[in-house]
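Reproduced below: model39.txt, with compact mmCIF, C-alpha atoms.
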# COMPACT_ATOMS: atom_id res chain seq x y z
CA MET A 95 0.00 0.00 0.00
CA ASN A 96 1.30 3.51 -0.78
CA ASP A 97 1.63 6.36 1.73
CA LEU A 98 -1.27 8.45 0.50
CA PHE A 99 -3.41 7.74 3.53
CA GLU A 100 -1.27 5.53 5.81
CA GLY A 101 2.17 5.76 7.46
CA PRO A 102 3.88 4.95 10.75
CA SER A 103 2.18 6.12 13.93
CA VAL A 104 3.53 9.18 15.77
CA SER A 105 4.77 7.08 18.73
CA ASP A 106 6.54 4.57 16.48
CA ALA A 107 8.20 7.39 14.53
CA ARG A 108 9.49 9.04 17.69
CA GLN A 109 10.97 5.78 19.01
CA ALA A 110 12.68 5.20 15.70
CA GLU A 111 14.32 8.62 15.81
CA GLY A 112 16.02 7.95 19.17
CA GLY A 113 19.14 6.26 17.73
CA LEU A 114 19.67 8.61 14.77
CA SER A 115 22.33 11.28 14.37
CA ARG A 116 21.39 14.93 13.76
CA ALA A 117 22.07 14.63 10.05
CA GLU A 118 19.96 11.51 9.83
CA LYS A 119 17.15 13.22 11.74
CA ARG A 120 17.27 16.19 9.32
CA ALA A 121 17.18 13.82 6.39
CA LEU A 122 14.24 12.02 7.93
CA ARG A 123 12.34 15.27 8.45
CA GLU A 124 13.04 16.32 4.84
CA GLU A 125 11.75 12.97 3.61
CA ARG A 126 8.59 13.42 5.69
CA LYS A 127 8.04 16.87 4.13
CA ARG A 128 8.44 15.41 0.64
CA ALA A 129 6.03 12.63 1.50
CA ALA A 130 3.48 15.18 2.76
CA LYS A 131 3.79 17.11 -0.49
CA ARG A 132 3.26 13.91 -2.47
CA ARG A 133 0.13 13.18 -0.45
CA ARG A 134 -1.24 16.69 -1.05
CA ARG A 135 -0.52 16.47 -4.79
CA ALA A 136 -2.18 13.08 -4.97
CA LEU A 137 -5.22 14.36 -3.08
CA ILE A 138 -5.52 17.39 -5.39
CA ALA A 139 -5.28 15.12 -8.42
CA VAL A 140 -8.09 12.96 -7.07
CA LEU A 141 -10.29 16.02 -6.45
CA VAL A 142 -9.61 17.42 -9.95
CA ALA A 143 -10.49 14.07 -11.47
CA ILE A 144 -13.75 14.00 -9.54
CA VAL A 145 -14.65 17.51 -10.77
CA ILE A 146 -13.80 16.65 -14.40
CA ILE A 147 -15.82 13.44 -14.26
CA GLY A 148 -18.74 15.36 -12.70
CA LEU A 149 -18.68 18.08 -15.36
CA GLY A 150 -18.46 15.48 -18.09
CA GLY A 151 -21.40 13.63 -16.64
CA TYR A 152 -23.43 16.85 -16.44
CA PHE A 153 -22.70 17.66 -20.09
CA VAL A 154 -23.64 14.16 -21.20
CA TRP A 155 -26.86 14.34 -19.19
CA THR A 156 -27.97 17.83 -20.31
CA ARG A 157 -26.88 17.72 -23.96
CA GLY A 158 -26.76 14.00 -24.63
CA VAL A 159 -30.14 13.18 -23.16
CA GLU A 160 -31.87 14.76 -26.15
CA PHE A 161 -29.94 12.52 -28.52
CA PHE A 162 -30.49 9.32 -26.58
CA SER A 163 -34.14 10.17 -26.12
CA GLY A 164 -34.36 9.87 -29.88
CA LEU A 165 -34.03 6.12 -29.50
CA ASP A 166 -37.11 4.06 -30.22
CA GLU A 167 -39.02 4.10 -26.94
CA ILE A 168 -40.78 0.81 -27.64
CA GLY A 169 -38.20 -1.40 -29.27
CA GLY A 170 -35.14 0.18 -27.67
CA THR A 171 -33.36 0.42 -31.03
CA GLU A 172 -31.90 3.60 -32.46
CA GLU A 173 -34.06 5.43 -34.97
CA GLU A 174 -32.60 5.97 -38.42
CA ILE A 175 -31.30 9.52 -38.82
CA LEU A 176 -32.87 10.87 -41.99
CA ASP A 177 -32.54 14.44 -43.24
CA PHE A 178 -33.72 16.58 -46.12
CA THR A 179 -31.19 18.58 -48.11
CA GLY A 180 -33.30 21.75 -47.80
CA PRO A 181 -33.99 24.58 -48.11
CA GLY A 182 -37.64 23.50 -48.09
CA THR A 183 -40.77 24.42 -49.97
CA GLY A 184 -44.29 25.64 -49.27
CA GLN A 185 -45.22 26.74 -45.78
CA VAL A 186 -46.59 25.13 -42.65
CA GLN A 187 -47.23 26.29 -39.08
CA VAL A 188 -45.92 24.22 -36.19
CA THR A 189 -46.56 24.88 -32.51
CA VAL A 190 -43.82 24.41 -29.92
CA GLU A 191 -45.49 23.73 -26.59
CA ALA A 192 -44.21 25.28 -23.37
CA GLY A 193 -41.55 23.06 -21.82
CA ALA A 194 -41.18 20.91 -24.96
CA THR A 195 -37.96 18.89 -25.25
CA GLY A 196 -35.96 18.54 -28.44
CA THR A 197 -37.47 15.10 -28.91
CA GLN A 198 -41.02 16.44 -28.59
CA MET A 199 -40.22 19.25 -31.04
CA GLY A 200 -38.76 16.68 -33.43
CA THR A 201 -41.94 14.60 -33.24
CA ALA A 202 -44.14 17.63 -34.06
CA LEU A 203 -41.86 18.74 -36.89
CA THR A 204 -41.69 15.25 -38.40
CA GLU A 205 -45.47 14.86 -38.30
CA ALA A 206 -45.84 18.26 -40.02
CA GLY A 207 -43.39 17.26 -42.77
CA VAL A 208 -40.86 19.92 -41.81
CA VAL A 209 -37.98 17.49 -41.10
CA ALA A 210 -37.34 13.96 -42.35
CA SER A 211 -36.99 12.26 -38.97
CA ARG A 212 -37.23 12.89 -35.28
CA ALA A 213 -33.75 11.49 -34.71
CA GLY A 214 -32.32 13.82 -37.34
CA PHE A 215 -33.83 16.85 -35.65
CA VAL A 216 -32.69 15.68 -32.19
CA ALA A 217 -29.13 15.36 -33.47
CA ALA A 218 -29.24 18.91 -34.93
CA TYR A 219 -30.89 20.26 -31.78
CA THR A 220 -28.18 18.69 -29.61
CA ALA A 221 -25.40 20.08 -31.82
CA ASN A 222 -26.71 23.67 -31.64
CA GLU A 223 -25.58 25.36 -28.40
CA SER A 224 -28.44 27.89 -28.61
CA SER A 225 -31.23 25.36 -29.01
CA ALA A 226 -32.32 25.64 -25.37
CA SER A 227 -33.36 29.25 -26.15
CA ILE A 228 -36.19 28.16 -28.46
CA GLN A 229 -39.38 29.80 -27.18
CA PRO A 230 -42.83 28.22 -27.08
CA GLY A 231 -45.21 29.44 -29.75
CA THR A 232 -46.40 28.87 -33.30
CA TYR A 233 -43.84 29.18 -36.10
CA ASN A 234 -44.03 29.67 -39.86
CA LEU A 235 -41.73 27.03 -41.36
CA PHE A 236 -41.12 25.27 -44.69
CA LYS A 237 -41.75 21.65 -45.48
CA GLU A 238 -38.75 19.38 -46.13
CA MET A 239 -36.20 21.55 -44.33
CA LYS A 240 -32.74 20.42 -43.35
CA SER A 241 -32.86 19.66 -39.61
CA SER A 242 -30.13 22.16 -38.72
CA ASP A 243 -31.99 24.85 -40.69
CA ALA A 244 -35.18 24.02 -38.79
CA VAL A 245 -33.39 24.60 -35.48
CA VAL A 246 -32.10 27.97 -36.70
CA ALA A 247 -35.59 28.92 -37.91
CA LEU A 248 -37.07 28.13 -34.48
CA LEU A 249 -34.48 30.40 -32.88
CA ASP A 250 -35.51 33.35 -35.08
CA PRO A 251 -38.38 35.41 -33.53
CA ALA A 252 -39.23 36.69 -37.01
CA ASN A 253 -40.68 33.26 -37.79
CA ARG A 254 -43.17 33.45 -34.93
CA ALA A 255 -46.76 33.44 -36.14
CA ASP A 256 -48.19 34.37 -32.74
CA TYR A 257 -49.60 37.73 -31.72
CA ILE A 258 -46.50 39.62 -30.55
CA PHE A 259 -46.72 43.33 -29.86
CA ASP A 260 -45.59 46.06 -27.48
CA VAL A 261 -47.75 48.27 -25.31
CA LEU A 262 -45.76 51.39 -24.48
CA PRO A 263 -46.08 53.11 -21.11
CA GLY A 264 -48.18 56.24 -21.56
CA SER A 265 -50.57 54.56 -24.01
CA THR A 266 -54.28 55.16 -23.53
CA ALA A 267 -56.85 52.38 -23.42
CA ASP A 268 -58.18 53.43 -26.84
CA VAL A 269 -54.70 53.14 -28.38
CA ILE A 270 -54.19 49.73 -26.80
CA THR A 271 -57.53 48.29 -27.89
CA ALA A 272 -56.90 49.62 -31.42
CA LYS A 273 -53.58 47.74 -31.42
CA ILE A 274 -55.34 44.56 -30.29
CA ALA A 275 -57.80 44.95 -33.17
CA LYS A 276 -54.94 45.47 -35.63
CA VAL A 277 -52.88 42.43 -34.62
CA THR A 278 -55.87 40.08 -34.35
CA GLY A 279 -57.59 41.31 -37.50
CA VAL A 280 -60.94 42.03 -35.85
CA THR A 281 -62.72 45.36 -35.75
CA GLU A 282 -62.31 47.82 -32.89
CA ALA A 283 -66.05 47.53 -32.30
CA ASP A 284 -65.64 43.78 -31.81
CA VAL A 285 -62.81 44.35 -29.33
CA ASP A 286 -64.90 46.90 -27.42
CA ALA A 287 -67.80 44.46 -27.26
CA ALA A 288 -65.53 41.63 -26.09
CA ILE A 289 -64.16 43.66 -23.19
CA ALA A 290 -67.35 45.44 -22.16
CA ASP A 291 -67.82 43.23 -19.10
CA THR A 292 -64.87 44.59 -17.14
CA ALA A 293 -65.63 42.53 -14.03
CA ALA A 294 -65.29 39.34 -16.10
CA LEU A 295 -61.87 40.59 -17.23
CA GLY A 296 -60.67 40.70 -13.64
CA LEU A 297 -60.67 44.50 -13.35
CA PRO A 298 -60.53 45.37 -9.63
CA ALA A 299 -63.58 47.03 -8.10
CA GLU A 300 -61.61 50.18 -7.23
CA ALA A 301 -61.25 50.93 -10.97
CA ASN A 302 -65.01 51.57 -11.09
CA GLY A 303 -65.34 49.84 -14.45
CA ALA A 304 -62.76 52.03 -16.25
CA LEU A 305 -59.90 50.22 -17.98
CA GLU A 306 -57.82 53.37 -18.36
CA GLY A 307 -54.51 53.05 -16.53
CA TRP A 308 -54.97 49.33 -15.81
CA LEU A 309 -53.52 47.93 -19.05
CA TRP A 310 -49.86 47.36 -18.26
CA GLY A 311 -47.27 48.56 -20.77
CA ASP A 312 -45.10 45.60 -21.76
CA ARG A 313 -44.21 43.18 -24.57
CA TYR A 314 -46.95 40.60 -25.06
CA GLU A 315 -46.74 37.22 -26.77
CA PHE A 316 -50.04 35.41 -27.25
CA GLY A 317 -50.93 32.21 -29.07
CA LEU A 318 -53.14 32.32 -32.14
CA ASP A 319 -56.08 30.92 -30.16
CA VAL A 320 -56.20 33.81 -27.67
CA THR A 321 -59.19 36.17 -27.57
CA PRO A 322 -59.11 39.97 -27.17
CA ALA A 323 -60.73 39.54 -23.74
CA GLU A 324 -57.92 37.20 -22.67
CA MET A 325 -55.35 39.71 -23.87
CA VAL A 326 -56.89 42.49 -21.78
CA THR A 327 -57.20 40.16 -18.79
CA GLU A 328 -53.45 39.50 -18.94
CA MET A 329 -52.70 43.24 -19.11
CA ILE A 330 -54.84 43.85 -16.03
CA ARG A 331 -53.19 40.92 -14.24
CA ARG A 332 -49.74 42.39 -14.81
CA THR A 333 -50.83 45.78 -13.49
CA VAL A 334 -52.25 44.24 -10.32
CA ALA A 335 -49.09 42.13 -9.91
CA GLN A 336 -46.88 45.23 -10.14
CA LEU A 337 -48.97 47.14 -7.62
CA ASP A 338 -48.96 44.17 -5.26
CA GLU A 339 -45.18 43.86 -5.60
CA LEU A 340 -44.90 47.52 -4.59
CA ALA A 341 -47.26 46.85 -1.64
CA VAL A 342 -49.84 49.41 -2.81
CA PRO A 343 -53.05 48.88 -0.79
CA ALA A 344 -56.10 48.09 -2.90
CA GLU A 345 -57.87 51.26 -1.75
CA ASN A 346 -54.93 53.37 -3.01
CA ARG A 347 -54.40 51.71 -6.38
CA GLU A 348 -56.64 54.00 -8.45
CA THR A 349 -55.17 57.16 -6.91
CA VAL A 350 -51.61 55.95 -7.45
CA LEU A 351 -52.31 55.02 -11.07
CA THR A 352 -54.03 58.36 -11.72
CA LYS A 353 -51.14 60.41 -10.35
CA ALA A 354 -48.59 58.20 -12.10
CA SER A 355 -50.44 58.48 -15.41
CA ILE A 356 -50.10 62.27 -15.25
CA VAL A 357 -46.40 61.97 -14.40
CA GLU A 358 -45.98 59.56 -17.34
CA ARG A 359 -47.47 62.06 -19.81
CA GLU A 360 -45.86 65.16 -18.33
CA ALA A 361 -42.25 64.20 -17.64
CA GLY A 362 -39.18 62.60 -19.10
CA ALA A 363 -37.32 59.94 -17.15
CA ASP A 364 -35.13 62.34 -15.18
CA ASP A 365 -37.97 64.68 -14.21
CA LYS A 366 -40.59 62.20 -13.03
CA PRO A 367 -39.78 62.53 -9.29
CA ASN A 368 -39.96 66.34 -9.36
CA VAL A 369 -43.22 66.33 -11.33
CA ALA A 370 -44.64 63.92 -8.74
CA SER A 371 -43.61 66.40 -6.02
CA VAL A 372 -45.37 69.24 -7.87
CA ILE A 373 -48.58 67.20 -7.96
CA GLU A 374 -48.37 66.55 -4.21
CA ASN A 375 -47.56 70.19 -3.44
CA ARG A 376 -50.46 71.53 -5.51
CA LEU A 377 -52.95 69.08 -4.01
CA ALA A 378 -51.78 70.05 -0.52
CA LEU A 379 -52.17 73.85 -0.97
CA PRO A 380 -54.96 73.24 -2.24
CA MET A 381 -54.38 74.37 -5.81
CA LYS A 382 -55.76 73.18 -9.13
CA LEU A 383 -53.39 70.82 -10.87
CA GLN A 384 -53.59 72.73 -14.17
CA MET A 385 -51.92 69.94 -16.13
CA ASP A 386 -51.94 70.19 -19.92
CA SER A 387 -51.75 66.38 -20.13
CA THR A 388 -55.26 65.97 -18.69
CA VAL A 389 -56.61 68.48 -21.20
CA HIS A 390 -54.82 66.68 -24.05
CA TYR A 391 -56.51 63.48 -22.87
CA LEU A 392 -59.84 65.27 -23.11
CA VAL A 393 -59.51 67.09 -26.44
CA GLY A 394 -56.74 65.14 -28.17
CA GLY A 395 -53.30 66.48 -29.00
CA THR A 396 -49.74 65.64 -28.12
CA ASP A 397 -47.92 66.06 -24.85
CA ASP A 398 -45.10 68.06 -26.44
CA ALA A 399 -47.50 70.93 -27.20
CA THR A 400 -49.26 73.43 -25.00
CA THR A 401 -53.03 73.77 -24.78
CA THR A 402 -55.03 76.66 -26.17
CA ALA A 403 -57.31 78.96 -24.20
CA ALA A 404 -60.29 77.25 -25.83
CA ASP A 405 -58.94 73.83 -24.78
CA ARG A 406 -58.61 74.99 -21.21
CA GLU A 407 -62.21 76.19 -21.16
CA THR A 408 -63.65 72.78 -22.10
CA ASP A 409 -66.08 71.73 -19.39
CA SER A 410 -65.03 68.31 -18.16
CA PRO A 411 -63.77 66.80 -14.88
CA TYR A 412 -60.63 65.91 -16.86
CA ASN A 413 -59.94 69.62 -17.29
CA THR A 414 -57.69 70.23 -14.29
CA TYR A 415 -57.62 73.94 -15.15
CA LEU A 416 -61.33 74.16 -14.28
CA TYR A 417 -61.73 71.42 -11.67
CA ALA A 418 -59.70 70.89 -8.52
CA GLY A 419 -58.22 67.56 -7.53
CA LEU A 420 -57.38 64.57 -9.66
CA PRO A 421 -59.25 63.61 -12.83
CA PRO A 422 -61.84 60.83 -12.43
CA THR A 423 -59.57 58.11 -13.89
CA PRO A 424 -55.96 57.72 -14.98
CA ILE A 425 -55.19 59.26 -18.37
CA SER A 426 -52.80 56.55 -19.58
CA SER A 427 -51.04 53.36 -18.53
CA PRO A 428 -48.10 54.50 -16.38
CA GLY A 429 -44.74 52.78 -16.34
CA ILE A 430 -42.95 51.51 -13.26
CA ASP A 431 -40.73 54.62 -13.01
CA SER A 432 -43.74 56.91 -12.84
CA ILE A 433 -45.40 54.74 -10.20
CA ASN A 434 -42.24 54.71 -8.11
CA ALA A 435 -42.00 58.51 -8.41
CA VAL A 436 -45.53 58.85 -7.05
CA LEU A 437 -44.90 56.41 -4.23
CA ASN A 438 -41.65 58.11 -3.24
CA PRO A 439 -41.83 61.78 -4.30
CA PRO A 440 -38.94 63.98 -3.16
CA VAL A 441 -39.68 66.74 -0.66
CA THR A 442 -39.48 70.00 -2.64
CA ASP A 443 -41.12 73.43 -2.65
CA TYR A 444 -41.77 73.23 -6.40
CA ILE A 445 -45.16 74.45 -7.54
CA TYR A 446 -44.48 75.10 -11.23
CA PHE A 447 -42.59 73.50 -14.09
CA VAL A 448 -42.22 74.03 -17.82
CA THR A 449 -40.32 72.21 -20.55
CA VAL A 450 -38.13 74.95 -21.98
CA ASN A 451 -36.78 72.84 -24.87
CA PRO A 452 -39.21 70.29 -26.34
CA LEU A 453 -36.41 68.64 -28.34
CA THR A 454 -34.09 67.93 -25.41
CA HIS A 455 -36.98 67.78 -22.89
CA GLU A 456 -35.10 70.15 -20.59
CA THR A 457 -37.53 71.05 -17.82
CA ARG A 458 -37.26 73.88 -15.30
CA PHE A 459 -38.95 73.80 -11.89
CA ALA A 460 -39.85 76.78 -9.73
CA ALA A 461 -41.25 77.51 -6.28
CA THR A 462 -42.60 81.00 -7.11
CA TRP A 463 -44.59 82.56 -9.90
CA THR A 464 -41.77 85.02 -10.61
CA GLU A 465 -39.28 82.19 -11.14
CA HIS A 466 -41.78 80.35 -13.27
CA ARG A 467 -42.37 83.36 -15.52
CA LYS A 468 -38.64 83.53 -16.25
CA ASN A 469 -38.68 79.85 -17.20
CA VAL A 470 -41.72 80.40 -19.42
CA GLU A 471 -39.78 83.15 -21.22
CA LEU A 472 -37.05 80.61 -21.98
CA TYR A 473 -39.68 78.37 -23.57
CA GLN A 474 -41.06 81.29 -25.58
CA ASP A 475 -37.53 82.13 -26.76
CA TRP A 476 -37.14 78.53 -27.94
CA LEU A 477 -40.42 78.78 -29.85
CA ALA A 478 -39.29 81.99 -31.52
CA GLU A 479 -35.93 80.53 -32.51
CA ASN A 480 -37.47 77.38 -33.93
CA GLY A 481 -40.25 79.03 -35.89
CA SER A 482 -43.08 77.70 -33.73

Please express the file's structure as structure tokens.
Amino acid sequence: MNDLFEGPSVSDARQAEGGLSRAEKRALREERKRAAKRRRRALIAVLVAIVIIGLGGYFVWTRGVEFFSGLDEIGGTEEEILDFTGPGTGQVQVTVEAGATGTQMGTALTEAGVVASRAGFVAAYTANESSASIQPGTYNLFKEMKSSDAVVALLDPANRADYIFDVLPGSTADVITAKIAKVTGVTEADVDAAIADTAALGLPAEANGALEGWLWGDRYEFGLDVTPAEMVTEMIRRTVAQLDELAVPAENRETVLTKASIVEREAGADDKPNVASVIENRLALPMKLQMDSTVHYLVGGTDDATTTAADRETDSPYNTYLYAGLPPTPISSPGIDSINAVLNPPVTDYIYFVTVNPLTHETRFAATWTEHRKNVELYQDWLAENGS
């Protein structure tokens, strides 16, 4: 047996040293040191071998399992690997189910005539390091594709046939429902009818039946069998989930969304906290909010333009120049930054603000009317210089 784990006992070693000279004792100690080093090196080698074997086993399990799962599950014999030469012809839609393995994808593709054999696709899937990134959904593919080309096609989002679209923060409910109508190919009237029963959609009671502000801005990916009502339900669900994550009490949700929707339409990213503080300061005075964004929501128009005197005279609770307090509902779907600004507004003495350069979105804040008038003059100078 070698000395990796065994050697003479301490007492035996000490007795043996008794009759040795000093030189022999030094030599013995040096030999013991060398033996200790050999044991350490041997132990390290064993540990490295264990790690290498473990990593190899993990690779075989994670990448090789797809290949071996291509074996005939009944007879236990390997399936013949067949492949088309490509590039394919015609068109067919194939659905990749959530959680599908390479073998399950290969089965679906073979049955649809996209690839020549399940085993051929599994081999190509295993060889492609990105294959695990294939997303569930329905894909537009060709028939008689080369298996490796089929894997690449499934990795390309452009081949998705599902309903995929973005809802931008600051979008109104009308804009969002129009987008749903466009991507699904139904009329806006049909979408409106499908989502008329807001309680059935899961809209919380505190929204008072108004969808505005409750349709979360995000990227959405829906299967081809989804309905407009299901789309809206998912948007509401995400809004509620975000508010719950931020620990917003149910009784405060509508107020938070309303304030945040104004911040979303009034401010750029850097100015959201200060605009939120202006809203709080005006409500506390009390002072009318006098926000152009609420008037734009009422009469139409863009948030990078001021309102006219006629706009500001329109009789509506959304006209915050005429009516004190918040408008009756949010005026858009706010993003997370706007909600956070409302939940954590900085303590300021700002009462006024104006965007002095609509191109750069530079915004000036003021605590007094005199300061504000100077900032307004900067905006008027910009208008004069830019021919507006």

Counting only C-alpha atoms, closest pick from A:Ala461, A:Ala354, A:Met325, A:Ile425 relative to A:Asp268 is A:Ile425

Counting all atoms listed in the file, figure out which residue out of A:Pro380, A:Gly362, A:Pro230, A:Gly303 gets nearest to A:Glu456.
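Ranking A:Pro380, A:Gly362, A:Pro230, A:Gly303 by distance to A:Glu456, first place goes to A:Gly362.
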
Please provide as a PDB file with C-alpha atoms, keeping the file's coordinate frame all residues within 8 Å of A:Gly264, with the sequence filter that same-chain residues fewer than 5 positions apart are discarded (counting all atoms listed in the file).
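The new file around-v7.pdb reads:
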ATOM      1  CA  GLY A 311     -47.270  48.560 -20.770  1.00  0.00           C
ATOM      2  CA  SER A 355     -50.440  58.480 -15.410  1.00  0.00           C
ATOM      3  CA  GLU A 358     -45.980  59.560 -17.340  1.00  0.00           C
ATOM      4  CA  ARG A 359     -47.470  62.060 -19.810  1.00  0.00           C
ATOM      5  CA  SER A 426     -52.800  56.550 -19.580  1.00  0.00           C
ATOM      6  CA  SER A 427     -51.040  53.360 -18.530  1.00  0.00           C
ATOM      7  CA  PRO A 428     -48.100  54.500 -16.380  1.00  0.00           C
ATOM      8  CA  GLY A 429     -44.740  52.780 -16.340  1.00  0.00           C
TER       9      GLY A 429
END

Set the distance at 8 Å and use only C-alpha atoms: which residues neighbour stretch 250-255 of chain A once local chain neighbours fewer than 3 positions away are removed? I'd like the list as a list in words.
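Selected residues are Gln187, Gly231, Thr232, Tyr233, Asn234, Leu235, Val246, Ala247 and Leu318 of chain A.
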
What's the 9 Å shell around A:Leu249, counting only C-alpha atoms, without same-chain residues fewer than 5 positions away, as an NGL selection string?
:A and (224-225 or 227-229 or 244)

Size and centre in Å, one decimal, axis-aligned box, all listed stretch 449-455 of chain A atoms plus 4 Å per side, as AutoDock Vina command-line options:
--center_x -37.2 --center_y 71.4 --center_z -24.4 --size_x 14.2 --size_y 15.2 --size_z 15.8

Excluding stretch 328-341 of chain A and any residue of its chain fewer than 4 positions from it, enumerate the residues within 7 Å of it, using only C-alpha atoms, and give them as JSON, numbers by chain.
{"A": [297, 308, 309, 310, 324]}

Take the residues that were just selected and, keeping C-alpha atoms, output them as a compact mmCIF listing (two decimals), in the frame of the given file.
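Written out: out09.txt:
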# COMPACT_ATOMS: atom_id res chain seq x y z
CA LEU A 297 -60.67 44.50 -13.35
CA TRP A 308 -54.97 49.33 -15.81
CA LEU A 309 -53.52 47.93 -19.05
CA TRP A 310 -49.86 47.36 -18.26
CA GLU A 324 -57.92 37.20 -22.67

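Closest approach to A:Leu305 among A:Thr278, A:Thr201, A:Thr423, A:Asn413: A:Thr423, based on only C-alpha atoms.
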
What is the atom CA of A:Asn451 to atom CA of A:Gly395 distance in Å?
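Those two atoms sit 18.2 Å apart.
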
So, with all atoms listed in the file as the atoms that count, which of A:Thr442, A:Thr321, A:Thr204, A:Thr189 lies closest to A:Val369?
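Nearest to A:Val369: A:Thr442.
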
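Taking atom CA of A:Ile356 and atom CA of A:Thr464 as endpoints, the distance between them is 24.7 Å.
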
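Atom pair atom CA of A:Phe178 / atom CA of A:Val190: separated by 20.6 Å.
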